[in-house]
Each structure stands twice: as C-alpha cells, then as structure tokens.
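**Student:** Got a file for you: start.txt, compact mmCIF, C-alpha atoms and all ligand atoms.
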```
# COMPACT_ATOMS: atom_id res chain seq x y z
CA MET B 1 96.93 101.86 86.85
CA LYS B 2 97.91 98.77 88.81
CA THR B 3 95.28 97.06 90.94
CA VAL B 4 94.71 98.91 94.20
CA ARG B 5 93.61 97.46 97.50
CA PHE B 6 91.90 99.72 100.02
CA GLN B 7 90.93 98.36 103.39
CA THR B 8 89.76 100.07 106.53
CA PRO B 9 88.44 99.09 109.98
CA GLY B 10 85.10 97.31 110.32
CA ALA B 11 83.30 100.39 111.66
CA ILE B 12 84.31 103.99 112.26
CA ILE B 13 82.21 105.93 114.76
CA ALA B 14 83.00 109.63 114.61
CA GLY B 15 81.84 112.86 116.20
CA ASN B 16 82.39 115.07 119.21
CA GLY B 17 81.57 113.15 122.37
CA CYS B 18 81.28 109.74 120.65
CA PHE B 19 83.75 108.38 123.24
CA SER B 20 80.83 108.20 125.69
CA GLU B 21 79.12 105.68 123.39
CA VAL B 22 81.85 103.00 123.48
CA SER B 23 80.09 100.76 126.00
CA LYS B 24 76.76 101.01 124.13
CA GLN B 25 78.42 100.02 120.87
CA ILE B 26 80.22 97.12 122.56
CA ILE B 27 76.94 95.78 123.93
CA GLU B 28 75.55 95.84 120.40
CA LEU B 29 78.43 93.60 119.29
CA GLY B 30 76.93 90.99 121.66
CA LYS B 31 78.60 88.25 123.73
CA ILE B 32 81.35 90.56 125.07
CA LYS B 33 82.04 89.70 128.70
CA SER B 34 85.56 91.02 129.29
CA ILE B 35 87.78 93.70 127.81
CA LEU B 36 91.36 94.84 128.23
CA ILE B 37 91.97 98.62 128.13
CA VAL B 38 95.50 99.52 126.99
CA THR B 39 96.58 103.11 127.67
CA SER B 40 99.35 105.43 128.87
CA PRO B 41 99.95 107.45 132.06
CA SER B 42 98.93 110.83 130.59
CA ILE B 43 95.62 109.42 129.40
CA VAL B 44 94.99 108.10 132.90
CA ARG B 45 95.76 111.60 134.24
CA GLN B 46 93.14 113.08 131.90
CA GLY B 47 90.55 110.74 133.46
CA PHE B 48 89.68 109.11 130.10
CA ALA B 49 90.69 105.60 131.20
CA THR B 50 88.59 105.82 134.39
CA ASP B 51 85.60 107.07 132.38
CA LEU B 52 85.89 104.09 130.06
CA LEU B 53 86.36 101.64 132.92
CA ASN B 54 83.31 103.01 134.76
CA SER B 55 81.12 102.86 131.67
CA MET B 56 82.07 99.20 131.19
CA THR B 57 81.30 98.38 134.81
CA LYS B 58 77.85 99.97 134.39
CA VAL B 59 76.98 97.61 131.55
CA GLY B 60 78.38 94.57 133.37
CA ILE B 61 81.55 94.08 131.34
CA ALA B 62 84.63 93.09 133.32
CA SER B 63 87.67 95.16 132.44
CA LYS B 64 91.36 95.27 133.22
CA VAL B 65 93.54 98.31 132.52
CA ILE B 66 97.19 98.27 131.44
CA SER B 67 98.28 101.90 131.74
CA GLY B 68 102.05 101.80 131.43
CA VAL B 69 102.58 102.03 127.66
CA MET B 70 105.78 103.99 126.96
CA ARG B 71 106.26 106.47 124.09
CA GLU B 72 107.60 104.91 120.89
CA PRO B 73 107.60 101.39 122.39
CA THR B 74 110.55 99.03 122.15
CA VAL B 75 110.44 95.27 121.51
CA GLN B 76 111.40 94.59 125.12
CA HIS B 77 108.66 96.88 126.48
CA ILE B 78 105.97 95.18 124.39
CA GLU B 79 107.16 91.76 125.50
CA GLU B 80 107.01 92.87 129.15
CA LEU B 81 103.45 94.15 128.70
CA HIS B 82 102.52 90.82 127.11
CA GLU B 83 103.97 88.99 130.12
CA GLN B 84 101.91 91.19 132.46
CA LEU B 85 98.78 89.72 130.89
CA ASP B 86 99.89 86.35 132.27
CA GLY B 87 97.77 84.37 129.83
CA GLN B 88 94.53 86.12 130.80
CA VAL B 89 91.88 85.98 128.07
CA PHE B 90 89.75 88.95 126.95
CA ASP B 91 87.01 89.23 124.31
CA VAL B 92 88.13 92.66 123.05
CA PHE B 93 91.27 94.81 123.39
CA ILE B 94 90.62 98.58 123.53
CA GLY B 95 93.53 100.91 122.72
CA LEU B 96 92.98 104.41 124.13
CA GLY B 97 95.83 106.81 123.41
CA GLY B 98 98.34 108.04 120.87
CA GLY B 99 99.99 105.96 118.17
CA SER B 100 102.27 104.27 120.69
CA VAL B 101 99.28 102.87 122.61
CA LEU B 102 97.35 101.93 119.46
CA ASP B 103 100.34 100.07 118.01
CA VAL B 104 100.93 98.20 121.27
CA THR B 105 97.23 97.27 121.46
CA LYS B 106 97.29 95.81 117.95
CA LEU B 107 100.37 93.75 118.78
CA LEU B 108 99.18 92.52 122.19
CA ALA B 109 95.90 91.42 120.58
CA VAL B 110 97.88 89.17 118.22
CA LEU B 111 100.42 87.97 120.81
CA SER B 112 97.67 87.06 123.30
CA THR B 113 96.46 84.25 121.05
CA GLY B 114 99.76 82.53 121.93
CA LYS B 115 100.36 81.46 118.34
CA GLN B 116 103.32 83.74 117.54
CA MET B 117 106.05 85.65 119.37
CA LEU B 118 106.86 89.30 118.67
CA ALA B 119 110.15 88.42 116.97
CA ASP B 120 108.20 86.18 114.55
CA ILE B 121 105.86 88.92 113.35
CA ILE B 122 108.16 91.91 112.82
CA GLY B 123 108.19 92.69 109.10
CA ILE B 124 105.67 92.45 106.30
CA ASP B 125 102.82 89.91 106.24
CA ARG B 126 104.27 87.63 108.91
CA ILE B 127 101.15 87.40 111.10
CA THR B 128 99.42 84.14 110.31
CA SER B 129 95.96 84.75 111.82
CA ARG B 130 93.85 87.51 113.35
CA GLY B 131 94.26 88.31 117.01
CA VAL B 132 91.58 89.27 119.50
CA PRO B 133 89.32 92.00 117.97
CA THR B 134 90.50 95.53 118.72
CA ILE B 135 88.72 98.84 119.27
CA LEU B 136 91.08 101.76 118.70
CA ILE B 137 90.48 105.26 120.06
CA PRO B 138 93.11 107.84 119.03
CA THR B 139 93.93 110.72 121.36
CA THR B 140 96.58 112.32 119.13
CA SER B 141 96.28 113.75 115.60
CA GLY B 142 98.30 111.79 114.83
CA THR B 143 99.63 108.66 113.44
CA GLY B 144 96.42 107.43 111.82
CA SER B 145 97.35 104.06 113.37
CA GLU B 146 93.67 103.45 114.14
CA VAL B 147 93.01 102.94 110.40
CA THR B 148 96.28 101.34 109.26
CA PRO B 149 97.49 97.72 109.12
CA ASN B 150 100.79 98.82 110.73
CA ALA B 151 102.39 98.80 114.17
CA ILE B 152 105.82 100.37 114.59
CA VAL B 153 108.33 99.01 117.10
CA THR B 154 111.63 100.48 118.20
CA VAL B 155 114.45 97.94 117.87
CA PRO B 156 117.47 99.44 119.72
CA GLU B 157 119.82 96.61 118.63
CA GLU B 158 119.14 97.47 114.98
CA GLN B 159 119.18 101.24 115.73
CA LEU B 160 115.90 101.42 113.82
CA LYS B 161 112.16 101.56 114.10
CA ILE B 162 110.63 98.65 112.20
CA GLY B 163 107.09 98.07 110.99
CA VAL B 164 104.85 95.10 111.65
CA VAL B 165 102.53 95.20 108.64
CA SER B 166 99.60 92.83 108.24
CA GLN B 167 95.97 92.85 107.15
CA HIS B 168 95.34 91.08 110.48
CA LEU B 169 96.13 94.31 112.35
CA TYR B 170 93.06 96.20 111.14
CA ALA B 171 90.78 97.26 114.00
CA ALA B 172 87.25 95.95 114.35
CA MET B 173 85.98 99.37 115.41
CA VAL B 174 87.38 102.89 115.70
CA PHE B 175 86.09 105.90 117.65
CA VAL B 176 87.13 109.31 116.29
CA ASP B 177 86.35 111.88 118.99
CA PRO B 178 88.10 115.27 118.59
CA GLU B 179 87.22 116.21 122.19
CA LEU B 180 89.80 113.64 123.38
CA THR B 181 92.54 115.69 121.71
CA LEU B 182 91.74 119.02 123.46
CA SER B 183 94.19 118.15 126.23
CA LEU B 184 97.18 117.60 123.93
CA PRO B 185 100.04 119.91 124.97
CA PRO B 186 101.37 122.23 122.21
CA ALA B 187 104.64 120.34 121.61
CA ILE B 188 102.79 117.03 121.10
CA THR B 189 100.16 118.78 118.95
CA ALA B 190 103.00 120.05 116.75
CA ALA B 191 104.96 116.79 116.46
CA THR B 192 101.92 114.57 115.88
CA GLY B 193 100.36 117.09 113.48
CA MET B 194 103.51 117.18 111.37
CA ASP B 195 103.58 113.36 111.37
CA ALA B 196 100.02 113.33 110.02
CA PHE B 197 100.91 115.91 107.37
CA THR B 198 103.94 113.84 106.36
CA HIS B 199 101.69 110.77 105.94
CA ALA B 200 99.40 112.72 103.63
CA LEU B 201 102.12 114.37 101.56
CA GLU B 202 104.26 111.25 101.25
CA SER B 203 101.24 109.14 100.29
CA PHE B 204 100.39 111.75 97.67
CA ILE B 205 103.82 111.70 96.02
CA SER B 206 104.42 107.95 96.60
CA ASN B 207 105.09 105.70 93.62
CA LYS B 208 102.03 103.78 94.80
CA ALA B 209 99.73 106.84 94.86
CA ASN B 210 96.40 106.05 93.23
CA PRO B 211 92.96 107.65 92.89
CA ILE B 212 91.75 106.26 96.23
CA SER B 213 94.80 107.31 98.26
CA ASP B 214 94.86 110.68 96.45
CA MET B 215 91.34 111.46 97.61
CA PHE B 216 92.22 110.85 101.26
CA ALA B 217 95.66 112.48 100.98
CA LEU B 218 94.38 115.73 99.47
CA GLU B 219 91.57 116.08 101.99
CA SER B 220 94.04 115.32 104.76
CA ILE B 221 96.45 117.96 103.42
CA ARG B 222 93.60 120.49 103.27
CA LEU B 223 92.34 119.83 106.80
CA LEU B 224 95.76 119.67 108.45
CA SER B 225 96.86 122.91 106.76
CA LYS B 226 93.71 124.56 108.07
CA GLY B 227 94.14 123.38 111.67
CA MET B 228 97.88 123.03 112.29
CA VAL B 229 98.92 126.44 113.60
CA GLU B 230 95.58 127.20 115.28
CA ALA B 231 95.57 123.88 117.19
CA TYR B 232 99.11 124.61 118.40
CA HIS B 233 98.37 128.13 119.64
CA ASN B 234 94.80 127.59 120.75
CA GLY B 235 94.51 124.00 121.92
CA GLN B 236 90.94 124.55 123.16
CA SER B 237 89.66 125.32 119.66
CA LEU B 238 87.41 122.34 118.96
CA GLN B 239 87.18 123.39 115.32
CA ALA B 240 90.97 123.23 114.90
CA ARG B 241 91.07 119.90 116.79
CA GLU B 242 88.40 118.51 114.47
CA SER B 243 90.39 119.52 111.39
CA MET B 244 93.50 117.90 112.84
CA LEU B 245 91.89 114.61 113.89
CA TYR B 246 89.94 114.02 110.67
CA GLY B 247 93.04 115.10 108.75
CA SER B 248 95.05 112.53 110.68
CA VAL B 249 92.50 109.74 110.07
CA TYR B 250 92.45 110.48 106.32
CA GLY B 251 96.26 110.61 106.31
CA GLY B 252 96.24 107.11 107.82
CA MET B 253 93.81 105.90 105.16
CA ALA B 254 96.02 107.40 102.45
CA LEU B 255 99.15 105.74 103.80
CA ALA B 256 97.37 102.41 104.27
CA CYS B 257 96.54 102.51 100.57
CA SER B 258 99.73 103.92 99.04
CA GLY B 259 102.48 104.07 101.69
CA THR B 260 104.89 106.63 103.05
CA ALA B 261 108.38 107.04 101.59
CA ALA B 262 111.88 108.42 102.18
CA VAL B 263 111.00 110.90 104.93
CA HIS B 264 109.80 108.06 107.12
CA ALA B 265 112.73 105.84 106.09
CA LEU B 266 115.23 108.51 107.15
CA ALA B 267 113.26 109.22 110.34
CA TYR B 268 113.42 105.63 111.62
CA PRO B 269 117.15 105.54 112.51
CA LEU B 270 116.79 108.94 114.24
CA GLY B 271 114.09 107.39 116.42
CA GLY B 272 115.81 104.02 116.83
CA ARG B 273 119.25 105.36 117.76
CA PHE B 274 118.74 108.92 119.11
CA ASN B 275 115.16 108.76 120.42
CA VAL B 276 114.08 111.67 118.24
CA THR B 277 110.27 111.78 118.56
CA HIS B 278 108.73 110.33 115.40
CA GLY B 279 106.81 113.46 114.36
CA VAL B 280 109.76 115.73 115.09
CA ALA B 281 112.08 113.58 112.97
CA ASN B 282 109.59 113.71 110.08
CA ALA B 283 109.06 117.46 110.41
CA MET B 284 112.83 118.10 110.32
CA LEU B 285 113.38 115.88 107.30
CA LEU B 286 110.27 116.72 105.26
CA PRO B 287 111.36 119.94 103.48
CA HIS B 288 114.82 118.54 102.70
CA VAL B 289 113.59 115.25 101.26
CA MET B 290 111.00 117.10 99.19
CA ALA B 291 113.61 119.64 97.96
CA PHE B 292 115.90 116.74 96.95
CA GLN B 293 113.30 115.51 94.47
CA LEU B 294 111.52 118.75 93.63
CA ALA B 295 111.71 118.33 89.85
CA ALA B 296 110.16 114.86 90.02
CA ILE B 297 107.26 115.84 92.26
CA ALA B 298 106.55 119.46 91.29
CA PRO B 299 103.25 118.70 89.50
CA ARG B 300 102.00 116.80 92.55
CA LEU B 301 103.11 119.58 94.91
CA ASP B 302 101.23 122.09 92.74
CA LEU B 303 98.06 120.11 93.50
CA ALA B 304 98.99 119.95 97.18
CA ALA B 305 99.52 123.75 97.16
CA ASN B 306 95.99 124.13 95.91
CA ALA B 307 94.64 121.94 98.73
CA MET B 308 96.66 124.01 101.21
CA GLY B 309 95.09 127.23 99.97
CA LEU B 310 98.41 128.49 98.58
CA SER B 311 98.78 130.28 95.28
CA ASP B 312 99.09 128.12 92.15
CA LYS B 313 102.11 130.13 91.01
CA ASP B 314 105.29 128.21 91.93
CA GLY B 315 103.08 125.88 93.99
CA ALA B 316 105.85 123.39 94.79
CA GLU B 317 108.15 126.09 96.19
CA GLN B 318 105.28 127.47 98.22
CA VAL B 319 104.54 124.08 99.79
CA LEU B 320 108.16 123.79 100.92
CA GLN B 321 108.16 127.34 102.28
CA CYS B 322 104.92 126.70 104.14
CA ILE B 323 106.37 123.58 105.79
CA ILE B 324 109.48 125.53 106.83
CA ASN B 325 107.28 128.32 108.24
CA TRP B 326 105.23 125.79 110.21
CA THR B 327 108.28 124.19 111.79
CA ALA B 328 109.38 127.65 112.97
CA GLN B 329 105.90 128.62 114.21
CA LEU B 330 105.47 125.28 115.97
CA HIS B 331 108.92 125.54 117.58
CA ILE B 332 110.08 122.21 116.19
CA PRO B 333 113.83 121.67 116.69
CA GLN B 334 115.89 122.35 113.56
CA ASN B 335 119.22 120.81 114.46
CA LEU B 336 120.08 117.16 115.05
CA ARG B 337 122.86 118.24 117.41
CA ASP B 338 120.07 118.97 119.93
CA PHE B 339 119.58 115.18 120.02
CA GLY B 340 123.25 114.29 120.35
CA VAL B 341 123.88 113.54 116.68
CA THR B 342 127.41 114.40 115.52
CA PRO B 343 128.91 114.49 112.00
CA ASP B 344 130.55 111.12 112.77
CA ASP B 345 127.10 109.50 113.10
CA ILE B 346 125.88 110.47 109.64
CA GLY B 347 127.38 107.49 107.79
CA GLU B 348 125.76 104.95 110.14
CA LEU B 349 122.40 106.75 110.05
CA ALA B 350 122.39 106.59 106.24
CA ILE B 351 123.27 102.88 106.24
CA ARG B 352 120.41 102.15 108.66
CA ALA B 353 117.97 104.24 106.62
CA SER B 354 118.99 102.41 103.45
CA GLN B 355 117.67 99.20 105.07
CA VAL B 356 114.11 100.58 105.13
CA THR B 357 113.46 99.39 101.58
CA ARG B 358 109.74 98.88 102.35
CA LEU B 359 109.37 102.69 102.27
CA LEU B 360 112.30 103.73 100.07
CA ASN B 361 110.75 101.74 97.20
CA ASN B 362 107.76 104.12 97.34
CA ASN B 363 109.93 107.20 96.85
CA PRO B 364 109.71 108.89 93.42
CA LYS B 365 113.46 109.60 93.20
CA ALA B 366 115.90 106.88 94.33
CA LEU B 367 118.30 107.91 97.11
CA SER B 368 121.90 106.71 97.27
CA ILE B 369 123.70 106.47 100.61
CA THR B 370 125.49 109.70 99.68
CA ASP B 371 122.14 111.44 99.04
CA MET B 372 120.90 110.35 102.46
CA GLU B 373 124.09 111.52 104.13
CA SER B 374 123.80 114.94 102.55
CA ILE B 375 120.16 115.25 103.69
CA TYR B 376 121.13 114.39 107.28
CA ARG B 377 124.05 116.82 107.06
CA LYS B 378 121.66 119.68 106.25
CA LEU B 379 120.20 119.17 109.73
CA LEU B 380 123.51 119.60 111.56
N1 LIG B 401 100.84 102.39 113.09
C1 LIG B 401 100.99 103.39 112.29
O1 LIG B 401 100.40 103.41 111.21
C2 LIG B 401 101.89 104.51 112.70
C3 LIG B 401 102.04 105.61 111.86
C4 LIG B 401 102.90 106.64 112.29
C5 LIG B 401 103.56 106.54 113.50
N2 LIG B 401 103.40 105.45 114.29
C6 LIG B 401 104.09 105.31 115.59
O2 LIG B 401 103.30 105.89 116.62
C7 LIG B 401 104.17 106.33 117.69
C8 LIG B 401 103.92 107.79 117.99
O3 LIG B 401 102.58 108.02 118.33
P1 LIG B 401 102.07 109.52 118.62
O4 LIG B 401 102.81 110.44 117.75
O5 LIG B 401 100.60 109.48 118.56
O6 LIG B 401 102.57 109.82 120.08
P2 LIG B 401 102.53 108.91 121.40
O7 LIG B 401 101.45 107.91 121.33
O8 LIG B 401 103.93 108.43 121.66
O9 LIG B 401 102.10 109.99 122.50
C9 LIG B 401 102.97 111.05 122.83
C10 LIG B 401 102.66 111.53 124.24
O10 LIG B 401 101.39 112.19 124.26
C11 LIG B 401 100.58 111.71 125.31
N3 LIG B 401 99.20 111.90 124.93
C12 LIG B 401 98.52 111.22 123.96
N4 LIG B 401 97.28 111.72 123.84
C13 LIG B 401 97.16 112.72 124.76
C14 LIG B 401 96.10 113.62 125.11
N5 LIG B 401 94.93 113.61 124.46
N6 LIG B 401 96.32 114.53 126.08
C15 LIG B 401 97.52 114.58 126.71
N7 LIG B 401 98.57 113.77 126.42
C16 LIG B 401 98.38 112.84 125.45
C17 LIG B 401 101.04 110.26 125.44
O11 LIG B 401 100.69 109.69 126.66
C18 LIG B 401 102.54 110.40 125.26
O12 LIG B 401 103.16 110.80 126.45
C19 LIG B 401 105.59 106.11 117.19
O13 LIG B 401 106.10 104.91 117.73
C20 LIG B 401 105.42 106.02 115.69
O14 LIG B 401 106.47 105.32 115.06
C21 LIG B 401 102.56 104.45 113.91
FE FE B 402 104.51 108.55 110.73
```
What do you get writing this file as structure tokens?
Ligand SMILES: NC(=O)c1ccc[n+]([C@@H]2O[C@H](COP(=O)([O-])OP(=O)(O)OC[C@H]3O[C@@H](n4cnc5c(N)ncnc54)[C@H](O)[C@@H]3O)[C@@H](O)[C@H]2O)c1
Ligand SMILES: [Fe+2]

**Tutor:**
Amino acid sequence: MKTVRFQTPGAIIAGNGCFSEVSKQIIELGKIKSILIVTSPSIVRQGFATDLLNSMTKVGIASKVISGVMREPTVQHIEELHEQLDGQVFDVFIGLGGGSVLDVTKLLAVLSTGKQMLADIIGIDRITSRGVPTILIPTTSGTGSEVTPNAIVTVPEEQLKIGVVSQHLYAAMVFVDPELTLSLPPAITAATGMDAFTHALESFISNKANPISDMFALESIRLLSKGMVEAYHNGQSLQARESMLYGSVYGGMALACSGTAAVHALAYPLGGRFNVTHGVANAMLLPHVMAFQLAAIAPRLDLAANAMGLSDKDGAEQVLQCIINWTAQLHIPQNLRDFGVTPDDIGELAIRASQVTRLLNNNPKALSITDMESIYRKLL
C-alpha cells in the first residue's frame, strides 16, 4: 500500500440541535470579535441565518450576512461576492448551507486575505497560505464539502466545473446537525443524496482506495442506502435525515482520502455547459459508468452490496439494479434531452470530460473519448 494521508477539520461537533451551540463554541475559541455569515436565500427563508445572527449578537460578536449565494456558483459570481466584502475584515467566516455555500465560504476566506485572486487558485495545490478560519455548517446531505479540501467552481468559458483543491481549504470547525436538513424539499434530498452516494461508491472503487477511505466509504454506503428512499418520501423522519447527513459526512471523508472518479469527471461538463444539477448528473451517470467497468470492480461492488443489505449472490449486479431503482423512486430525470443536450453535443461533452484528468486518473478502467461518448449516448 502506498502512503496515505487522511486529514479532516479541526473539530467536528455533531448531534441533533448542535446548531444552537455555535455561538458558545465560538466564544470558547477566544478573541473572536467579528464574523461573516455566508448563506443562500432558501436558508434565510428557513430562519436559520437569523437564528445564527441573533445568537452572535447575544454574545457580543458583530456579524455581517451575505445571503445571495447562487446554486453551483460560477467564477464571476464568486468574484462579485468577494467585491461585496469591500475589503472588510472578519475573524471567522461561517458557511451555512448546501455545498454551493460551503464552497463559496472556503474560497472567500482565502480571497479575503488579498494575497491571491480566484483565477490564481483554481486547480490543485495553488493556494499558498491559509485564509481566514472557517466554520462550515451543512444543510444538505450532501456534498461532504464541510470535511473536504475542495471547492468546485463552474467555469462557463471552459464548459466545465473545476476543482480548487488545497489543504488550506480545510475548515477549522464543522457542525453536523441533522435537524437543519428536515426542510430539504424531496427533489433536493434526492439529488444531494445521490451525490453523497456517488462520493462513497467512487471513493470505494477508486485506484486510490485505501483502508482509511474504505472504512468511511462503506459506512457511508450503509447509512445512505438505509436513509435514501425514506428521506425522500418522509422528509420529517429525523432518523432518515440522520442516516443521510452522517452518510454524507463520511462520504466526504472518503473522497478527501481517496478521490472520486469517472462519474464526477463526466458530470462536470453536464454542469458546466447544460446546468444539470451536480447530484442529478451523477445519479444519471452512475449506473452506466459502473456497468462499463463491471468486471474490474465486481469484487468491490460485492462488498458494497453487503453494506447495502443486498444479497451476496451477484452482488455487483444487485448494486447496479438498486441504483437504477432509486433513480426511478426518487424521480431523477433519465434523459439528457430534458436538459437540452442533443446527439451533436456528445463529442464536445466527451472532450471536456477527458480534461478532468484529476478524477479520471482515479478510475479503475481507463476511458477513451469513444467510451465516454457511448456512456453519454446511453442517456439520450
Ligand atoms: N467541495 C466539495 O467537496 C464538493 C463535493 C461535491 C459537490 N460539490 C459542489 O457543491 C455544489 C452543490 O451543493 P449541494 O448539492 O449541497 O446543493 P446546493 O448547495 O446548490 O443547494 C441546492 C438548493 O438547496 C437549497 N437548500 C440547501 N439546504 C436547504 C435546506 N436545509 N432546506 C431548504 N433548502 C435548502 C439551497 O439554497 C439551494 O437552492 C455543486 O457546485 C457541486 O459541484 C462540492
Ligand atoms: Fe459530488
């Protein structure tokens, strides 16, 4: 086994209702006078941002809220948010929201030091020093962004989503509160849940899979399988929401340690060019990319089948069938035409996907451009 590096945020505070303890924990950090809360309009509507703001005021910490984070943020959007800060200085940045908000928070915390521009840090290991400390609070289950060193930006000019990857993006503190996810609408529960499952399964079959990532990936697969359909149909089930959120956090830890692979690589041009929601793109691609390399990954999928509570007999086939059943039960779109993709676009999509070598290198079976085209074609 090659040397493995596992890293995770400074502290993880978890449990139902732990969101109400954020201000207390911040006080214990000491010397914090001002914070910036980064969030999105639907989180404001849920009242979570106001709750956080009020709790900070009570303990005498000055806070400012930026609430306009868009879904699947573009380079331009992040730069505009950075400009809105107008050079103001904060001791801590708190990200409260889904992966889009958490990724933006990580990036703004680095940009606010004024040392580097966004264009300078896109890619792997290009951030030269830590930004302002971040506290990340996920409200989707989810990207696992709260525990990863990644932030994903949409780059329309490149027709891709591209990762900013750096050890300097790890959060100082994370709050994992399943109660914050009770308000997720079914469609977002489905898309984000399938994203989390894709993280776990891809990390488990990745060329970089290792004993540490395996432990998190298998537990993530088990929990997400348990909660997925229930959380979609019965969003108020706290038990299902717990399974999904812990499953998502462990999926993030798995991917931080071993990496996702071809499903994510093929999903990025669908997001970058056709605005297909990240989790939906992954859910559509997942069974096809797994089927493409079934022989190479069958022993791993047998283990995954076990974690999913499926029969050991023909475990790999059963995993694929289960994923297909989920996408039907969760009403996830099945055809790329719904997003405006035509057969003429397939060649360009495959070329763009082939540029995501960071993730393709993790894939057990190499994909040629023709392989990628035929996978996309299965979705038309
Ligand atoms: N950094 C990473 O490691 C990583 C990993 C995977 C994906 N991503 C990126 O994360 C982004 C997607 O994040 P996401 O899937 O969490 O979705 P999202 O953050 O885009 O949120 C989707 C929608 O759900 C709303 N929402 C969030 N929480 C809610 C709640 N509790 N109740 C009601 N509405 C709520 C949001 O406001 C938004 O409108 C993509 O850009 C993707 O590429 C990052
Ligand atoms: Fe993802």

**Student:** Of the candidates B:Leu182, B:Ala109, B:Ala283, B:Val263, which one gets nearest to Thr140 (chain B) if we count only C-alpha atoms?

**Tutor:**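 Closest to Thr140 (chain B), using only C-alpha atoms: B:Leu182.
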
**Student:** Expressed in Å to a single decimal, how great is the separation between CA of Glu202 (chain B) and CA of Asn335 (chain B)?

**Tutor:**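 Rounded to one decimal, the two atoms are 22.1 Å apart.
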
**Student:** Do you know which residues are at most 12 Å from Gln88 (chain B) counting only C-alpha atoms, after dropping those on the same chain fewer than 5 positions away, and could you put them as a ChimeraX atom specification?

**Tutor:** /B:34-36,63-64,82-83,93,108-109,111-114

**Student:** Show me which residues are within 7 Å of ligand LIG 401 (chain B) counting all atoms listed in the file, and format the list as a PyMOL selection string.

**Tutor:** chain B and resi 40-43+46+71-73+97-101+103+139-145+148-153+161+180-185+188+191-192+195+252+278-279

**Student:** Return the single residue from B:Thr189, B:Asn234, B:Gln334, B:Asn325 that is closest to Arg377 (chain B), with distances computed using only C-alpha atoms.

**Tutor:**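 Result for the nearest residue to Arg377 (chain B): B:Gln334.
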
**Student:** When you count all atoms listed in the file, which of these residues is closest to ligand FE 402 (chain B): B:Ile375, B:Leu301, B:Val341, B:Ala281?

**Tutor:**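 Once distances to ligand FE 402 (chain B) are computed over all atoms listed in the file, the minimum belongs to B:Ala281.
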
**Student:** List the neighbours of Leu360 (chain B) out to 9 Å using all atoms listed in the file; skip same-chain residues closer than 5 positions along the sequence, and give me the result as number ranges by chain.

**Tutor:** B: 260-265, 353-355, 366-367

**Student:** Ranking B:Arg300, B:Lys33, B:Glu179, B:Ile137 by minimum distance to Ser237 (chain B) and counting all atoms listed in the file, which one comes first?

**Tutor:** B:Glu179

**Student:** Find the residues with any atom within 12 Å of (94.6, 88.8, 118.1); use all atoms listed in the file and the coordinates as given in the file, and write the answer as a PyMOL selection string.

**Tutor:** chain B and resi 89-94+104-117+127-135+166-172

**Student:** Counting only C-alpha atoms, write as a list of chain:residue names all protein and nucleic acid residues lying at most 12 Å from (80.0, 112.4, 115.4) in the file's frame.

**Tutor:**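 Residues found, by chain and rising number: B:Ile12, B:Ile13, B:Ala14, B:Gly15, B:Asn16, B:Gly17, B:Cys18, B:Phe19, B:Ser20, B:Glu21, B:Phe175, B:Val176, B:Asp177, B:Pro178, B:Glu179, B:Glu242, B:Tyr246.
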
**Student:** Determine, counting only C-alpha atoms, which protein, DNA and RNA residues have an atom within 9 Å of an atom of Ile332 (chain B); residues of the same chain fewer than 2 positions away are not included. Present the result as an MDAnalysis selection string.

**Tutor:** chainID B and resid 187 190:191 280 283:284 326:330 334

**Student:** CA of Ser55 (chain B) and CA of Met253 (chain B), how far apart in Å?

**Tutor:**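 One can read the CA of Met253 (chain B) to CA of Ser55 (chain B) distance as 29.5 Å.
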
**Student:** Ile205 (chain B): which residues within 10 Å, counting all atoms listed in the file, same-chain residues fewer than 6 positions away excluded, as an MDAnalysis selection string?

**Tutor:** chainID B and resid 214 217 258:261 290 296:301 304 362:364

**Student:** Missing atoms in region 220-225 of chain B need filling: write out all heavy atoms for it as a PDB file, in the frame of the given file.

**Tutor:**
```
ATOM      1  N   SER B 220      93.216 115.250 103.554  1.00  0.00           N
ATOM      2  CA  SER B 220      94.040 115.320 104.760  1.00  0.00           C
ATOM      3  C   SER B 220      94.940 116.561 104.723  1.00  0.00           C
ATOM      4  O   SER B 220      95.031 117.310 105.707  1.00  0.00           O
ATOM      5  CB  SER B 220      94.892 114.046 104.861  1.00  0.00           C
ATOM      6  OG  SER B 220      95.825 114.156 105.894  1.00  0.00           O
ATOM      7  N   ILE B 221      95.574 116.785 103.569  1.00  0.00           N
ATOM      8  CA  ILE B 221      96.450 117.960 103.420  1.00  0.00           C
ATOM      9  C   ILE B 221      95.642 119.240 103.665  1.00  0.00           C
ATOM     10  O   ILE B 221      96.082 120.163 104.361  1.00  0.00           O
ATOM     11  CB  ILE B 221      97.092 117.949 102.007  1.00  0.00           C
ATOM     12  CG1 ILE B 221      98.146 116.841 101.923  1.00  0.00           C
ATOM     13  CG2 ILE B 221      97.692 119.310 101.644  1.00  0.00           C
ATOM     14  CD1 ILE B 221      98.644 116.540 100.511  1.00  0.00           C
ATOM     15  N   ARG B 222      94.444 119.291 103.115  1.00  0.00           N
ATOM     16  CA  ARG B 222      93.600 120.490 103.270  1.00  0.00           C
ATOM     17  C   ARG B 222      93.259 120.717 104.746  1.00  0.00           C
ATOM     18  O   ARG B 222      93.426 121.814 105.281  1.00  0.00           O
ATOM     19  CB  ARG B 222      92.314 120.328 102.447  1.00  0.00           C
ATOM     20  CG  ARG B 222      91.423 121.561 102.433  1.00  0.00           C
ATOM     21  CD  ARG B 222      90.115 121.323 101.684  1.00  0.00           C
ATOM     22  NE  ARG B 222      89.155 120.549 102.445  1.00  0.00           N
ATOM     23  CZ  ARG B 222      88.387 121.006 103.432  1.00  0.00           C
ATOM     24  NH1 ARG B 222      88.471 122.278 103.779  1.00  0.00           N
ATOM     25  NH2 ARG B 222      87.549 120.217 104.080  1.00  0.00           N
ATOM     26  N   LEU B 223      92.782 119.671 105.409  1.00  0.00           N
ATOM     27  CA  LEU B 223      92.340 119.830 106.800  1.00  0.00           C
ATOM     28  C   LEU B 223      93.503 120.150 107.743  1.00  0.00           C
ATOM     29  O   LEU B 223      93.392 120.994 108.632  1.00  0.00           O
ATOM     30  CB  LEU B 223      91.645 118.545 107.273  1.00  0.00           C
ATOM     31  CG  LEU B 223      90.249 118.304 106.710  1.00  0.00           C
ATOM     32  CD1 LEU B 223      89.790 116.873 107.015  1.00  0.00           C
ATOM     33  CD2 LEU B 223      89.259 119.304 107.295  1.00  0.00           C
ATOM     34  N   LEU B 224      94.622 119.458 107.550  1.00  0.00           N
ATOM     35  CA  LEU B 224      95.760 119.670 108.450  1.00  0.00           C
ATOM     36  C   LEU B 224      96.327 121.081 108.251  1.00  0.00           C
ATOM     37  O   LEU B 224      96.710 121.745 109.217  1.00  0.00           O
ATOM     38  CB  LEU B 224      96.846 118.614 108.217  1.00  0.00           C
ATOM     39  CG  LEU B 224      96.418 117.180 108.579  1.00  0.00           C
ATOM     40  CD1 LEU B 224      97.423 116.168 108.055  1.00  0.00           C
ATOM     41  CD2 LEU B 224      96.248 117.015 110.092  1.00  0.00           C
ATOM     42  N   SER B 225      96.369 121.553 107.020  1.00  0.00           N
ATOM     43  CA  SER B 225      96.860 122.910 106.760  1.00  0.00           C
ATOM     44  C   SER B 225      95.969 123.926 107.452  1.00  0.00           C
ATOM     45  O   SER B 225      96.436 124.936 107.974  1.00  0.00           O
ATOM     46  CB  SER B 225      96.868 123.223 105.259  1.00  0.00           C
ATOM     47  OG  SER B 225      97.569 122.234 104.570  1.00  0.00           O
TER      48      SER B 225
END
```
